[in-house]
>>> print(open('protein.csv').read())   # CSV, C-alpha atoms and all ligand atoms
chain,number,residue,atom,x,y,z
S,1,MET,CA,0.0,0.0,0.0
S,2,LYS,CA,1.2,3.5,-0.8
S,3,GLU,CA,2.4,5.6,2.1
S,4,GLN,CA,-0.3,6.6,4.5
S,5,ILE,CA,0.9,10.2,4.8
S,6,TYR,CA,-0.6,10.6,1.3
S,7,THR,CA,-3.5,8.1,1.3
S,8,ILE,CA,-5.1,9.5,4.4
S,9,PRO,CA,-5.4,13.2,3.2
S,10,VAL,CA,-6.6,12.1,-0.2
S,11,ASN,CA,-9.3,9.9,1.3
S,12,GLU,CA,-10.3,12.7,3.6
S,13,ALA,CA,-10.5,15.2,0.7
S,14,TYR,CA,-12.7,12.8,-1.2
S,15,ASP,CA,-15.0,12.6,1.9
S,16,THR,CA,-15.5,16.4,1.7
S,17,ASP,CA,-18.2,17.9,-0.5
S,18,CYS,CA,-16.3,20.2,-2.8
S,19,GLU,CA,-15.8,21.1,-6.5
S,20,CYS,CA,-12.2,19.8,-6.4
S,21,PRO,CA,-10.7,17.6,-3.6
S,22,LEU,CA,-7.2,18.5,-4.9
S,23,CYS,CA,-7.9,22.2,-4.4
S,24,PHE,CA,-9.1,21.3,-0.9
S,25,LEU,CA,-5.7,19.8,-0.2
S,26,GLU,CA,-3.9,22.5,-2.0
S,27,HIS,CA,-5.5,25.2,0.1
S,28,ARG,CA,-4.4,23.5,3.3
S,29,LEU,CA,-0.9,22.9,2.0
S,30,GLU,CA,-0.7,26.5,0.9
S,31,GLN,CA,-1.7,27.9,4.3
S,32,GLU,CA,0.8,25.6,6.1
S,33,ALA,CA,3.6,26.5,3.6
S,34,VAL,CA,3.1,30.2,4.0
S,35,GLU,CA,2.9,29.9,7.8
S,36,TYR,CA,6.1,27.8,7.7
S,37,GLU,CA,8.0,30.5,5.6
S,38,LEU,CA,7.3,33.1,8.3
S,39,GLY,CA,7.8,30.8,11.2
S,40,ALA,CA,10.0,27.7,11.5
S,41,ALA,CA,11.9,28.3,8.2
S,42,MET,CA,13.3,31.5,9.6
S,43,MET,CA,15.7,29.3,11.7
S,44,GLU,CA,16.9,27.1,8.9
S,45,ALA,CA,19.9,28.5,7.2
S,46,ASP,CA,19.7,26.2,4.1
S,47,HIS,CA,16.0,27.1,3.6
S,48,ARG,CA,16.7,30.8,3.9
S,49,GLU,CA,19.5,30.6,1.4
S,50,GLU,CA,17.1,28.9,-1.1
S,51,SER,CA,14.3,31.3,-0.4
S,52,ASN,CA,16.6,34.3,-0.8
S,53,ASN,CA,17.4,33.0,-4.2
S,54,LYS,CA,14.0,31.8,-5.4
S,55,GLY,CA,11.6,34.2,-3.7
S,56,PHE,CA,7.9,34.0,-4.0
S,57,CYS,CA,5.1,34.6,-6.5
S,58,ARG,CA,2.8,37.6,-6.1
S,59,ARG,CA,-0.1,35.4,-4.7
S,60,HIS,CA,2.2,34.0,-2.0
S,61,PHE,CA,3.8,37.4,-1.2
S,62,GLU,CA,0.3,38.7,-0.7
S,63,MET,CA,-0.6,35.8,1.6
S,64,MET,CA,2.6,36.4,3.6
S,65,PHE,CA,1.8,40.2,3.8
S,66,TYR,CA,-1.5,39.4,5.4
S,67,GLY,CA,0.0,36.6,7.5
S,68,GLY,CA,0.4,38.8,10.5
S,69,ASN,CA,4.2,38.5,11.1
S,70,LYS,CA,5.6,41.7,9.6
S,71,LEU,CA,9.1,41.3,11.2
S,72,SER,CA,9.6,37.8,9.7
S,73,LEU,CA,8.3,39.1,6.4
S,74,ALA,CA,10.7,42.1,6.5
S,75,LEU,CA,13.6,39.8,7.2
S,76,VAL,CA,12.7,37.6,4.3
S,77,LEU,CA,12.3,40.6,2.0
S,78,ASP,CA,15.5,42.3,3.1
S,79,THR,CA,17.7,39.3,2.2
S,80,HIS,CA,15.7,38.4,-0.9
S,81,LEU,CA,15.9,41.9,-2.3
S,82,ASP,CA,19.6,41.8,-1.6
S,83,GLU,CA,20.0,38.7,-3.8
S,84,LEU,CA,17.9,40.3,-6.6
S,85,ARG,CA,20.1,43.4,-6.6
S,86,LYS,CA,23.2,41.2,-6.8
S,87,LYS,CA,21.7,39.4,-9.9
S,88,LEU,CA,21.0,42.8,-11.5
S,89,ALA,CA,24.5,44.1,-10.6
S,90,LYS,CA,26.1,41.4,-12.8
S,91,PHE,CA,24.8,43.4,-15.7
S,92,SER,CA,26.0,46.8,-14.6
S,93,LYS,CA,29.1,47.0,-16.8
S,94,GLU,CA,27.1,46.0,-20.0
S,95,ALA,CA,24.3,48.4,-19.1
S,96,LYS,CA,26.7,51.3,-18.6
S,97,ALA,CA,28.4,50.4,-22.0
S,98,ALA,CA,25.0,50.5,-23.8
S,99,GLU,CA,25.1,54.3,-23.4
S,100,ASN,CA,27.7,54.6,-26.1
S,101,ALA,CA,26.1,52.1,-28.4
S,102,LYS,CA,24.2,54.6,-30.6
S,103,GLY,CA,26.2,54.3,-33.8
S,104,GLY,CA,26.4,51.3,-36.1
S,105,LEU,CA,24.3,48.2,-36.3
S,106,PHE,CA,26.7,46.1,-34.3
S,107,LYS,CA,26.8,48.4,-31.3
S,108,LYS,CA,23.1,48.8,-31.2
S,109,SER,CA,22.5,45.1,-31.3
S,110,THR,CA,24.9,44.6,-28.4
S,111,ALA,CA,22.8,47.1,-26.3
S,112,LEU,CA,19.7,45.2,-27.3
S,113,ASP,CA,21.3,41.9,-26.3
S,114,THR,CA,22.0,43.4,-22.9
S,115,ALA,CA,18.3,44.4,-22.6
S,116,ALA,CA,17.2,40.9,-23.6
S,117,ALA,CA,19.6,39.2,-21.1
S,118,ILE,CA,18.4,41.4,-18.2
S,119,ALA,CA,14.7,40.7,-19.2
S,120,SER,CA,15.4,36.9,-19.4
S,121,MET,CA,17.1,37.0,-15.9
S,122,LEU,CA,14.0,38.8,-14.5
S,123,ALA,CA,11.7,36.3,-16.2
S,124,GLY,CA,13.5,33.5,-14.5
S,125,CYS,CA,13.1,35.3,-11.1
S,126,GLU,CA,9.4,35.6,-11.7
S,127,LYS,CA,8.9,31.9,-12.3
S,128,THR,CA,10.3,30.6,-9.0
S,129,CYS,CA,8.3,30.5,-5.8
S,130,MET,CA,9.2,28.5,-2.7
S,131,VAL,CA,5.5,28.0,-1.8
S,132,CYS,CA,4.4,27.0,-5.3
S,133,GLU,CA,7.2,24.5,-5.6
S,134,LYS,CA,6.4,22.9,-2.3
S,135,ILE,CA,2.7,22.6,-3.2
S,136,ASP,CA,3.4,21.2,-6.6
S,137,TYR,CA,5.7,18.5,-5.2
S,138,THR,CA,3.1,17.4,-2.6
S,139,ILE,CA,0.1,17.6,-4.9
S,140,ASN,CA,1.9,15.4,-7.4
S,141,ARG,CA,2.4,12.8,-4.6
S,142,TYR,CA,-1.3,13.1,-3.8
S,143,ILE,CA,-2.2,12.6,-7.5
S,144,ASP,CA,0.1,9.5,-7.7
S,145,VAL,CA,-1.7,8.0,-4.7
S,146,LEU,CA,-5.1,9.0,-6.1
S,147,LEU,CA,-4.4,7.1,-9.3
S,148,TYR,CA,-3.0,4.1,-7.4
S,149,MET,CA,-6.1,3.9,-5.2
S,150,TRP,CA,-8.5,4.3,-8.2
S,151,ALA,CA,-6.9,1.2,-9.7
S,152,ASN,CA,-6.5,-0.8,-6.5
S,153,ASP,CA,-9.0,0.3,-3.9
S,154,GLU,CA,-12.7,-0.4,-4.7
S,155,GLU,CA,-13.9,1.8,-1.9
S,156,PHE,CA,-11.9,4.7,-3.2
S,157,LYS,CA,-13.1,4.2,-6.7
S,158,LYS,CA,-16.7,4.5,-5.4
S,159,LYS,CA,-15.8,7.8,-3.7
S,160,PHE,CA,-14.2,9.0,-6.9
S,161,ASP,CA,-17.4,8.2,-8.8
S,162,ARG,CA,-19.5,10.1,-6.3
S,163,SER,CA,-17.3,13.2,-6.2
S,164,LYS,CA,-17.9,16.3,-8.2
S,165,GLY,CA,-14.7,15.8,-10.3
S,166,VAL,CA,-11.8,18.2,-10.2
S,167,CYS,CA,-10.9,21.7,-11.5
S,168,LEU,CA,-9.4,22.0,-14.9
S,169,LYS,CA,-5.9,22.8,-13.5
S,170,HIS,CA,-5.9,19.6,-11.6
S,171,MET,CA,-7.5,17.7,-14.5
S,172,LYS,CA,-4.4,18.6,-16.5
S,173,MET,CA,-2.1,17.6,-13.6
S,174,ILE,CA,-3.9,14.2,-13.3
S,175,LEU,CA,-3.7,13.5,-17.0
S,176,ASP,CA,0.0,14.4,-17.0
S,177,ALA,CA,0.6,11.9,-14.2
S,178,VAL,CA,-1.3,8.9,-15.9
S,179,PRO,CA,1.7,7.5,-17.8
S,180,GLN,CA,4.0,7.2,-14.8
S,181,SER,CA,1.3,6.4,-12.1
S,182,LEU,CA,-1.0,3.8,-13.8
S,183,LYS,CA,-0.2,0.5,-15.5
S,184,ASP,CA,-1.1,0.3,-19.2
S,185,LYS,CA,-4.1,-1.9,-18.5
S,186,ASP,CA,-5.6,0.7,-16.1
S,187,ALA,CA,-4.6,3.9,-18.0
S,188,GLY,CA,-7.2,3.6,-20.8
S,189,ALA,CA,-10.1,2.7,-18.4
S,190,PHE,CA,-9.2,5.6,-16.2
S,191,ILE,CA,-8.9,8.2,-18.9
S,192,SER,CA,-12.3,7.2,-20.3
S,193,ALA,CA,-14.0,7.2,-16.9
S,194,PHE,CA,-12.3,10.5,-15.8
S,195,PHE,CA,-13.2,12.3,-19.1
S,196,GLU,CA,-16.8,11.2,-18.7
S,197,LYS,CA,-17.0,12.4,-15.1
S,198,GLN,CA,-15.4,15.7,-15.8
S,199,THR,CA,-17.7,16.3,-18.8
S,200,LYS,CA,-20.8,15.5,-16.6
S,201,GLU,CA,-19.6,17.8,-13.8
S,202,LEU,CA,-18.9,20.7,-16.2
S,203,ASP,CA,-22.4,20.3,-17.7
S,204,ARG,CA,-23.8,20.7,-14.2
S,205,ILE,CA,-21.7,23.8,-13.5
S,206,GLN,CA,-22.8,25.3,-16.9
S,207,GLU,CA,-26.4,24.8,-16.0
S,208,ASP,CA,-25.9,26.5,-12.6
S,209,ILE,CA,-24.0,29.5,-14.0
S,210,HIS,CA,-26.6,29.9,-16.8
S,211,LYS,CA,-29.4,29.8,-14.3
S,212,PHE,CA,-27.6,32.5,-12.3
S,213,THR,CA,-27.6,34.9,-15.3
S,214,LEU,CA,-31.4,34.3,-15.7
S,215,LYS,CA,-32.1,35.4,-12.2
S,216,PHE,CA,-31.2,39.0,-13.4
S,217,ASP,CA,-34.0,38.8,-15.9
S,218,TYR,CA,-37.3,40.0,-14.4
S,219,ARG,CA,-39.2,37.2,-16.2
S,220,TYR,CA,-37.4,34.6,-14.1
S,221,LYS,CA,-37.4,36.5,-10.8
S,222,ASP,CA,-39.5,33.9,-9.1
S,223,MET,CA,-37.5,31.0,-10.4
S,224,GLU,CA,-36.0,28.8,-7.6
S,225,TRP,CA,-32.2,29.3,-7.2
S,226,GLY,CA,-31.6,25.6,-6.6
S,227,THR,CA,-27.8,25.1,-6.4
S,228,ALA,CA,-27.1,28.2,-8.5
S,229,HIS,CA,-26.9,30.9,-5.8
S,230,ASP,CA,-23.0,30.6,-5.6
S,231,ALA,CA,-22.5,29.6,-9.2
S,232,PRO,CA,-20.0,32.4,-10.1
S,233,PHE,CA,-17.7,31.3,-7.3
S,234,ARG,CA,-17.9,27.6,-8.1
S,235,THR,CA,-17.5,28.2,-11.8
S,236,ILE,CA,-14.2,30.0,-11.2
S,237,GLU,CA,-13.1,27.2,-8.9
S,238,LYS,CA,-13.9,24.6,-11.5
S,239,ILE,CA,-12.0,26.5,-14.3
S,240,SER,CA,-9.0,27.8,-12.3
S,241,GLY,CA,-8.9,26.3,-8.9
S,242,TYR,CA,-9.3,27.6,-5.4
S,243,ILE,CA,-10.1,31.3,-4.8
S,244,LYS,CA,-10.9,33.2,-1.6
S,245,ASN,CA,-14.7,33.6,-1.1
S,246,GLU,CA,-15.3,36.8,0.9
S,247,ASP,CA,-19.1,36.4,0.4
S,248,GLU,CA,-19.0,33.2,2.5
S,249,GLU,CA,-16.6,34.8,5.1
S,250,LYS,CA,-19.0,37.7,5.5
S,251,LYS,CA,-21.9,35.3,6.2
S,252,SER,CA,-20.1,33.3,8.8
I,1,ZN,ZN,-8.4,21.9,-8.2
I,2,ZN,ZN,3.7,30.9,-5.3
>>> encode(input="protein.csv", output="structure tokens")
Amino acid sequence: MKEQIYTIPVNEAYDTDCECPLCFLEHRLEQEAVEYELGAAMMEADHREESNNKGFCRRHFEMMFYGGNKLSLALVLDTHLDELRKKLAKFSKEAKAAENAKGGLFKKSTALDTAAAIASMLAGCEKTCMVCEKIDYTINRYIDVLLYMWANDEEFKKKFDRSKGVCLKHMKMILDAVPQSLKDKDAGAFISAFFEKQTKELDRIQEDIHKFTLKFDYRYKDMEWGTAHDAPFRTIEKISGYIKNEDEEKKS
């Protein structure tokens, strides 16, 4: 049997009524990872070295900003910005030389090469995020376990059939994992069943979001909402994955 540290959370997520059990897991991982960055990670020299280099994406910087530990955040930012400035400083000579590169095609192209090299370095910085990397690693382990249980655990297969499918982001990740996680004999059956399930669940979401639009038409004002009242939120979740729902937070 696959490691329980992965099977237990996957089973638990499939026992939860939600649009995507992997988003449910991802949300939890994300909160833990952000908390870790501003807590225990502060004491780990190796981790700090890596986070100084890789940094965080905008979403996770934003979560850290609202995480309530401004001193830890400032320490992380101080050393990360220092790294970024060092990376930029490597181009200082070339950038200065570009000033004189007005005349002649060759000189101009050298200046443009410098611009392209700096832009490419910055693009590389934008792509790395400590929290995203950690989440991706663990979600891929969860997906491996999910596929294993689908093929080997009848109980789980029933849960999978009863679920509301997954979001499109996680649909892609699951399909990417099929070749290495499922034996050939199971891969075809899974792809077919999974595709059918996803199509059915997307039909359901489409019905709900369409019904939501009709409620703004006076001719339908007495129509029952059914499950459509929070359709915009669930449609976004289904297309792109977990988002914060402030409407729900206000209610509770
Ligand atoms: Zn998802
Ligand atoms: Zn991130």
>>> closest_residue(input="protein.csv", among="S:His170, S:Arg234, S:Arg141, S:Lys90", to="ligand ZN 1 (chain I)", atoms="all atoms listed in the file")
S:His170
>>> closest_residue(input="protein.csv", among="S:Gly39, S:Glu207, S:Gly165, S:Glu126", to="Leu71 (chain S)", atoms="only C-alpha atoms")
S:Gly39
>>> residues_near_ligand(input="protein.csv", ligand="ligand ZN 1 (chain I)", cutoff="6 Å", atoms="all atoms listed in the file", output="number ranges by chain")
S: 20, 22-23, 166-167, 169-170, 241
>>> closest_residue(input="protein.csv", among="S:Cys132, S:Ala193, S:Ile8, S:Val34", to="ligand ZN 2 (chain I)", atoms="only C-alpha atoms and all ligand atoms")
S:Cys132
>>> residues_near_ligand(input="protein.csv", ligand="ligand ZN 2 (chain I)", cutoff="7 Å", atoms="all atoms listed in the file", output="PDB file with C-alpha atoms, in the coordinates of the input")
ATOM      1  CA  PHE S  56       7.900  34.000  -4.000  1.00  0.00           C
ATOM      2  CA  CYS S  57       5.100  34.600  -6.500  1.00  0.00           C
ATOM      3  CA  ARG S  58       2.800  37.600  -6.100  1.00  0.00           C
ATOM      4  CA  ARG S  59      -0.100  35.400  -4.700  1.00  0.00           C
ATOM      5  CA  HIS S  60       2.200  34.000  -2.000  1.00  0.00           C
ATOM      6  CA  CYS S 129       8.300  30.500  -5.800  1.00  0.00           C
ATOM      7  CA  MET S 130       9.200  28.500  -2.700  1.00  0.00           C
ATOM      8  CA  VAL S 131       5.500  28.000  -1.800  1.00  0.00           C
ATOM      9  CA  CYS S 132       4.400  27.000  -5.300  1.00  0.00           C
TER      10      CYS S 132
END
>>> closest_residue(input="protein.csv", among="S:Asn140, S:Thr110, S:Ser51, S:Asn100", to="Leu81 (chain S)", atoms="all atoms listed in the file")
S:Ser51
>>> residues_around(input="protein.csv", residues="region 194-200 of chain S", least_positions_apart="2", cutoff="12 Å", atoms="all atoms listed in the file", output="number ranges by chain")
S: 19-20, 147, 150, 157, 160-168, 170-172, 174-175, 178, 186-192, 202-207, 238-239
>>> closest_residue(input="protein.csv", among="S:Met64, S:Met121, S:Met149, S:Ile236", to="Lys86 (chain S)", atoms="only C-alpha atoms")
S:Met121
>>> atom_distance(input="protein.csv", atom1="CA of Tyr148 (chain S)", atom2="CA of Gln31 (chain S)")
26.6 Å
>>> residues_around(input="protein.csv", residues="Lys108 (chain S)", least_positions_apart="6", cutoff="12 Å", atoms="only C-alpha atoms", output="ChimeraX atom specification")
/S:97-102,114-115
>>> residues_around(input="protein.csv", residues="region 25-27 of chain S", least_positions_apart="5", cutoff="8 Å", atoms="only C-alpha atoms", output="VMD selection string")
chain S and resid 9 to 10 13 135 139 242
>>> closest_residue(input="protein.csv", among="S:Ala95, S:Ile209, S:Leu75, S:Ala151", to="Lys185 (chain S)", atoms="all atoms listed in the file")
S:Ala151
>>> residues_around(input="protein.csv", residues="Ile5 (chain S)", least_positions_apart="5", cutoff="12 Å", atoms="all atoms listed in the file", output="JSON, numbers by chain")
{"S": [10, 11, 12, 138, 141, 142, 145]}
>>> atom_distance(input="protein.csv", atom1="CA of Glu133 (chain S)", atom2="CA of Thr235 (chain S)")
25.7 Å
>>> residues_around(input="protein.csv", residues="Tyr36 (chain S)", least_positions_apart="5", cutoff="12 Å", atoms="only C-alpha atoms", output="ChimeraX atom specification")
/S:29-31,41-44,47-48,64,67,69,72-73,130-131,134
>>> atom_distance(input="protein.csv", atom1="CA of Ile243 (chain S)", atom2="CA of Ala123 (chain S)")
25.1 Å
>>> decode(input="protein.csv", residues="region 61-87 of chain S", atoms="N, CA, C and O atoms", output="PDB file, in the first residue's frame")
ATOM      1  N   PHE S  61       3.389  36.152  -1.883  1.00  0.00           N
ATOM      2  CA  PHE S  61       3.820  37.358  -1.171  1.00  0.00           C
ATOM      3  C   PHE S  61       2.614  38.016  -0.514  1.00  0.00           C
ATOM      4  O   PHE S  61       2.680  38.477   0.623  1.00  0.00           O
ATOM      5  N   GLU S  62       1.507  38.041  -1.258  1.00  0.00           N
ATOM      6  CA  GLU S  62       0.294  38.672  -0.728  1.00  0.00           C
ATOM      7  C   GLU S  62      -0.187  37.942   0.528  1.00  0.00           C
ATOM      8  O   GLU S  62      -0.509  38.549   1.546  1.00  0.00           O
ATOM      9  N   MET S  63      -0.192  36.606   0.475  1.00  0.00           N
ATOM     10  CA  MET S  63      -0.597  35.826   1.647  1.00  0.00           C
ATOM     11  C   MET S  63       0.350  36.076   2.820  1.00  0.00           C
ATOM     12  O   MET S  63      -0.069  36.141   3.975  1.00  0.00           O
ATOM     13  N   MET S  64       1.651  36.191   2.508  1.00  0.00           N
ATOM     14  CA  MET S  64       2.625  36.449   3.578  1.00  0.00           C
ATOM     15  C   MET S  64       2.392  37.835   4.181  1.00  0.00           C
ATOM     16  O   MET S  64       2.489  38.035   5.390  1.00  0.00           O
ATOM     17  N   PHE S  65       2.051  38.793   3.319  1.00  0.00           N
ATOM     18  CA  PHE S  65       1.811  40.162   3.776  1.00  0.00           C
ATOM     19  C   PHE S  65       0.652  40.203   4.773  1.00  0.00           C
ATOM     20  O   PHE S  65       0.688  40.928   5.760  1.00  0.00           O
ATOM     21  N   TYR S  66      -0.386  39.408   4.496  1.00  0.00           N
ATOM     22  CA  TYR S  66      -1.546  39.383   5.400  1.00  0.00           C
ATOM     23  C   TYR S  66      -1.402  38.302   6.482  1.00  0.00           C
ATOM     24  O   TYR S  66      -2.334  38.053   7.230  1.00  0.00           O
ATOM     25  N   GLY S  67      -0.234  37.654   6.519  1.00  0.00           N
ATOM     26  CA  GLY S  67      -0.013  36.560   7.463  1.00  0.00           C
ATOM     27  C   GLY S  67       0.197  37.004   8.897  1.00  0.00           C
ATOM     28  O   GLY S  67       0.232  36.179   9.809  1.00  0.00           O
ATOM     29  N   GLY S  68       0.387  38.291   9.132  1.00  0.00           N
ATOM     30  CA  GLY S  68       0.428  38.800  10.501  1.00  0.00           C
ATOM     31  C   GLY S  68       1.799  38.824  11.154  1.00  0.00           C
ATOM     32  O   GLY S  68       1.908  39.189  12.305  1.00  0.00           O
ATOM     33  N   ASN S  69       2.849  38.415  10.439  1.00  0.00           N
ATOM     34  CA  ASN S  69       4.181  38.487  11.060  1.00  0.00           C
ATOM     35  C   ASN S  69       5.081  39.395  10.223  1.00  0.00           C
ATOM     36  O   ASN S  69       5.880  38.952   9.420  1.00  0.00           O
ATOM     37  N   LYS S  70       4.923  40.692  10.440  1.00  0.00           N
ATOM     38  CA  LYS S  70       5.613  41.673   9.587  1.00  0.00           C
ATOM     39  C   LYS S  70       7.136  41.653   9.795  1.00  0.00           C
ATOM     40  O   LYS S  70       7.874  41.942   8.866  1.00  0.00           O
ATOM     41  N   LEU S  71       7.597  41.297  10.998  1.00  0.00           N
ATOM     42  CA  LEU S  71       9.051  41.271  11.203  1.00  0.00           C
ATOM     43  C   LEU S  71       9.667  40.144  10.378  1.00  0.00           C
ATOM     44  O   LEU S  71      10.634  40.361   9.636  1.00  0.00           O
ATOM     45  N   SER S  72       9.096  38.916  10.473  1.00  0.00           N
ATOM     46  CA  SER S  72       9.616  37.803   9.674  1.00  0.00           C
ATOM     47  C   SER S  72       9.569  38.159   8.195  1.00  0.00           C
ATOM     48  O   SER S  72      10.524  37.923   7.457  1.00  0.00           O
ATOM     49  N   LEU S  73       8.453  38.731   7.764  1.00  0.00           N
ATOM     50  CA  LEU S  73       8.308  39.094   6.354  1.00  0.00           C
ATOM     51  C   LEU S  73       9.397  40.089   5.947  1.00  0.00           C
ATOM     52  O   LEU S  73      10.033  39.930   4.904  1.00  0.00           O
ATOM     53  N   ALA S  74       9.642  41.087   6.795  1.00  0.00           N
ATOM     54  CA  ALA S  74      10.655  42.102   6.476  1.00  0.00           C
ATOM     55  C   ALA S  74      12.046  41.475   6.387  1.00  0.00           C
ATOM     56  O   ALA S  74      12.839  41.834   5.511  1.00  0.00           O
ATOM     57  N   LEU S  75      12.330  40.504   7.265  1.00  0.00           N
ATOM     58  CA  LEU S  75      13.642  39.837   7.225  1.00  0.00           C
ATOM     59  C   LEU S  75      13.803  39.060   5.925  1.00  0.00           C
ATOM     60  O   LEU S  75      14.853  39.091   5.282  1.00  0.00           O
ATOM     61  N   VAL S  76      12.717  38.360   5.521  1.00  0.00           N
ATOM     62  CA  VAL S  76      12.736  37.603   4.264  1.00  0.00           C
ATOM     63  C   VAL S  76      12.939  38.553   3.082  1.00  0.00           C
ATOM     64  O   VAL S  76      13.762  38.302   2.197  1.00  0.00           O
ATOM     65  N   LEU S  77      12.207  39.663   3.089  1.00  0.00           N
ATOM     66  CA  LEU S  77      12.290  40.619   1.979  1.00  0.00           C
ATOM     67  C   LEU S  77      13.667  41.284   1.908  1.00  0.00           C
ATOM     68  O   LEU S  77      14.217  41.479   0.819  1.00  0.00           O
ATOM     69  N   ASP S  78      14.212  41.596   3.066  1.00  0.00           N
ATOM     70  CA  ASP S  78      15.508  42.271   3.125  1.00  0.00           C
ATOM     71  C   ASP S  78      16.582  41.430   2.418  1.00  0.00           C
ATOM     72  O   ASP S  78      17.308  41.922   1.560  1.00  0.00           O
ATOM     73  N   THR S  79      16.634  40.133   2.769  1.00  0.00           N
ATOM     74  CA  THR S  79      17.696  39.291   2.193  1.00  0.00           C
ATOM     75  C   THR S  79      17.372  38.881   0.756  1.00  0.00           C
ATOM     76  O   THR S  79      18.273  38.708  -0.056  1.00  0.00           O
ATOM     77  N   HIS S  80      16.084  38.730   0.434  1.00  0.00           N
ATOM     78  CA  HIS S  80      15.721  38.364  -0.940  1.00  0.00           C
ATOM     79  C   HIS S  80      16.012  39.526  -1.899  1.00  0.00           C
ATOM     80  O   HIS S  80      16.567  39.334  -2.979  1.00  0.00           O
ATOM     81  N   LEU S  81      15.656  40.729  -1.492  1.00  0.00           N
ATOM     82  CA  LEU S  81      15.922  41.900  -2.345  1.00  0.00           C
ATOM     83  C   LEU S  81      17.422  42.057  -2.567  1.00  0.00           C
ATOM     84  O   LEU S  81      17.872  42.398  -3.669  1.00  0.00           O
ATOM     85  N   ASP S  82      18.199  41.774  -1.524  1.00  0.00           N
ATOM     86  CA  ASP S  82      19.646  41.846  -1.633  1.00  0.00           C
ATOM     87  C   ASP S  82      20.143  40.905  -2.742  1.00  0.00           C
ATOM     88  O   ASP S  82      20.976  41.284  -3.568  1.00  0.00           O
ATOM     89  N   GLU S  83      19.607  39.669  -2.753  1.00  0.00           N
ATOM     90  CA  GLU S  83      19.961  38.694  -3.809  1.00  0.00           C
ATOM     91  C   GLU S  83      19.587  39.213  -5.186  1.00  0.00           C
ATOM     92  O   GLU S  83      20.350  39.092  -6.142  1.00  0.00           O
ATOM     93  N   LEU S  84      18.368  39.754  -5.290  1.00  0.00           N
ATOM     94  CA  LEU S  84      17.898  40.263  -6.584  1.00  0.00           C
ATOM     95  C   LEU S  84      18.807  41.387  -7.085  1.00  0.00           C
ATOM     96  O   LEU S  84      19.139  41.444  -8.277  1.00  0.00           O
ATOM     97  N   ARG S  85      19.233  42.263  -6.181  1.00  0.00           N
ATOM     98  CA  ARG S  85      20.111  43.363  -6.577  1.00  0.00           C
ATOM     99  C   ARG S  85      21.459  42.839  -7.031  1.00  0.00           C
ATOM    100  O   ARG S  85      22.061  43.371  -7.956  1.00  0.00           O
ATOM    101  N   LYS S  86      21.927  41.762  -6.384  1.00  0.00           N
ATOM    102  CA  LYS S  86      23.209  41.163  -6.819  1.00  0.00           C
ATOM    103  C   LYS S  86      23.077  40.619  -8.236  1.00  0.00           C
ATOM    104  O   LYS S  86      23.987  40.746  -9.057  1.00  0.00           O
ATOM    105  N   LYS S  87      21.922  39.965  -8.515  1.00  0.00           N
ATOM    106  CA  LYS S  87      21.702  39.414  -9.861  1.00  0.00           C
ATOM    107  C   LYS S  87      21.672  40.527 -10.911  1.00  0.00           C
ATOM    108  O   LYS S  87      22.181  40.366 -12.013  1.00  0.00           O
TER     109      LYS S  87
END
